[in-house]
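Student: Got a structure for you, written out below as C-alpha cells; questions coming shortly.
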Amino acid sequence: MDWSIFIVFMAASCTAAATGSLFPPDGWYRALNKPSWTPKDWMFPVAWVTLYILSSVAATLVAGREGVGLALAFWAFQIAANTLWSPVFFGLKRIRAAMISLVVLWLAVFGTLVSFWLMLPIAGWMMVPYLAWVSVAGALNWSILRRNPDAVATV
C-alpha cells in the first residue's frame, strides 16, 4: 500500500469529518422525537473514523490500478456528498433537505462500492460498512422526519 496516497485520501476524509464536527448535535436535536434505536451520540464519531479509514484504505488499494478513473470519481463524489449532511441537518435544521442529501450520499457510496468491487473485490467489501451506516443514518433521518412534522423546515 502506498502510504502517501493513503494520507491524501485520509486528508480528504478529515475535511469531511471537520465539517461534521462544526455542526454537532445541539438542544434542537436532543428535543426531537427520535426512535428508540437511535445510536448514542458517542457512536457517530467512532463509526465515522472507522469508515473513513476503511474507505481511504480501499481507495488506496484501487488507486494504482489501470482504468480506475470512474472508481476514484465515485470516491471523490461520495466524500464531497458526505460533507453536506451535518451542515444541512444540524446547521440549517432542514430535515427534509438532509434526507435528500443522504439519498445522494447513499447512491454515491453504492457507486463507489460497486466500482471498487469491479476493480478489486476486497476494496468493495471495505465499503460495505459505510453503505450500511449510511443506510442506518437514512432510516434515522426518515424516522425523525416522520415523527417531527412541526420541526420540518422547507427544502
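Ordering of the C-alpha cells sets the chain letters (A, B, ...); residue numbers start at 1 within each chain; ligands are numbered from 1 in the order shown.
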If we count only C-alpha atoms, what is near Asp2 of chain A at a cut-off of 9 Å, once residues fewer than 4 positions away on the same chain are taken out, given as a list of chain:residue names?
Tutor: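 Counting only C-alpha atoms, the residues come to A:Phe6, A:Ile7, A:Thr60, A:Leu61, A:Gly64.
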Student: Take the residues that were just selected and, keeping N, CA, C and O atoms, output them as a PDB file, in the first residue's frame.
Tutor:
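And here's part26.pdb as it stands now:
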```pdb
ATOM      1  N   PHE A   6      -2.551   7.024   0.630  1.00  0.00           N
ATOM      2  CA  PHE A   6      -3.477   6.851   1.751  1.00  0.00           C
ATOM      3  C   PHE A   6      -3.640   8.157   2.521  1.00  0.00           C
ATOM      4  O   PHE A   6      -4.761   8.539   2.893  1.00  0.00           O
ATOM      5  N   ILE A   7      -2.548   8.850   2.769  1.00  0.00           N
ATOM      6  CA  ILE A   7      -2.601  10.115   3.520  1.00  0.00           C
ATOM      7  C   ILE A   7      -3.463  11.144   2.793  1.00  0.00           C
ATOM      8  O   ILE A   7      -4.229  11.881   3.422  1.00  0.00           O
ATOM      9  N   THR A  60      -7.022   3.642  -1.643  1.00  0.00           N
ATOM     10  CA  THR A  60      -5.585   3.485  -1.857  1.00  0.00           C
ATOM     11  C   THR A  60      -5.289   2.186  -2.601  1.00  0.00           C
ATOM     12  O   THR A  60      -4.443   2.163  -3.508  1.00  0.00           O
ATOM     13  N   LEU A  61      -5.992   1.122  -2.248  1.00  0.00           N
ATOM     14  CA  LEU A  61      -5.761  -0.169  -2.898  1.00  0.00           C
ATOM     15  C   LEU A  61      -6.108  -0.156  -4.387  1.00  0.00           C
ATOM     16  O   LEU A  61      -5.450  -0.816  -5.178  1.00  0.00           O
ATOM     17  N   GLY A  64      -3.792   2.577  -7.729  1.00  0.00           N
ATOM     18  CA  GLY A  64      -2.714   2.288  -8.665  1.00  0.00           C
ATOM     19  C   GLY A  64      -3.105   1.383  -9.820  1.00  0.00           C
ATOM     20  O   GLY A  64      -2.269   1.060 -10.663  1.00  0.00           O
TER      21      GLY A  64
END
```
Student: Give me the residues within 12 Å of segment 72-74 of chain A as a ChimeraX atom specification, counting only C-alpha atoms and dropping any in the same chain fewer than 6 places off.
Tutor: /A:9,55-56,58-66,80-82,104-116,119,123,127
Student: Please measure the separation of atom CA of Gly91 of chain A and atom CA of Pro129 of chain A, giving the value in Å to one decimal.
Tutor: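 Separation of atom CA of Gly91 of chain A and atom CA of Pro129 of chain A: 26.1 Å.
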Student: From a backbone DSSP assignment, name each residue in chain A labelled alpha helix (DSSP H), as a PyMOL selection string.
Tutor: chain A and resi 3-22+27-31+43-63+69-82+85-86+95-119+121-147
Student: Excluding Pro35 of chain A and its own-chain neighbours fewer than 3 positions away, which residues fall within 10 Å of it when counting only C-alpha atoms? Please give them as a list in words.
Tutor: Leu32, Thr38, Pro39, Ala139, Leu140, Ser143, Ile144 and Arg147 of chain A
Student: Applying 12 Å and only C-alpha atoms, which residues near Asp26 of chain A remain after dropping the ones on its own chain fewer than 6 positions away? List them as an mmCIF file with C-alpha atoms, in the first residue's frame.
Tutor:
```
data_model
loop_
_atom_site.group_PDB
_atom_site.id
_atom_site.type_symbol
_atom_site.label_atom_id
_atom_site.label_comp_id
_atom_site.auth_asym_id
_atom_site.auth_seq_id
_atom_site.Cartn_x
_atom_site.Cartn_y
_atom_site.Cartn_z
ATOM 1 C CA LEU A 32 -36.602 15.921 18.513
ATOM 2 C CA ASP A 41 -24.064 10.336 20.316
ATOM 3 C CA SER A 86 -24.301 17.747 9.062
ATOM 4 C CA PHE A 89 -29.375 18.790 9.302
ATOM 5 C CA PHE A 90 -27.718 20.333 12.374
ATOM 6 C CA GLY A 91 -26.762 23.742 10.975
ATOM 7 C CA LYS A 93 -32.142 22.286 10.709
#
```
Student: Rank nothing, just name the residue among A:Val128, A:Ile100, A:Leu84, A:Val8 nearest to Leu145 of chain A, using only C-alpha atoms.
Tutor: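 Ranking A:Val128, A:Ile100, A:Leu84, A:Val8 by distance to Leu145 of chain A, first place goes to A:Ile100.
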Student: If you measure from atom CA of Leu102 of chain A to atom CA of Val134 of chain A, what distance in Å do you get, rounded to one decimal?
Tutor: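 The value is 7.3 Å.
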Student: Of the residues A:Ala16, A:Val57, A:Trp85, A:Pro24, which is the one nearest to Ser4 of chain A, using only C-alpha atoms?
Tutor: A:Val57
Student: Could you jot down the atom CA of Leu51 of chain A to atom CA of Pro25 of chain A separation for me, Å, one decimal place?
Tutor: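 According to the coordinates, atom CA of Leu51 of chain A and atom CA of Pro25 of chain A are separated by 19.7 Å.
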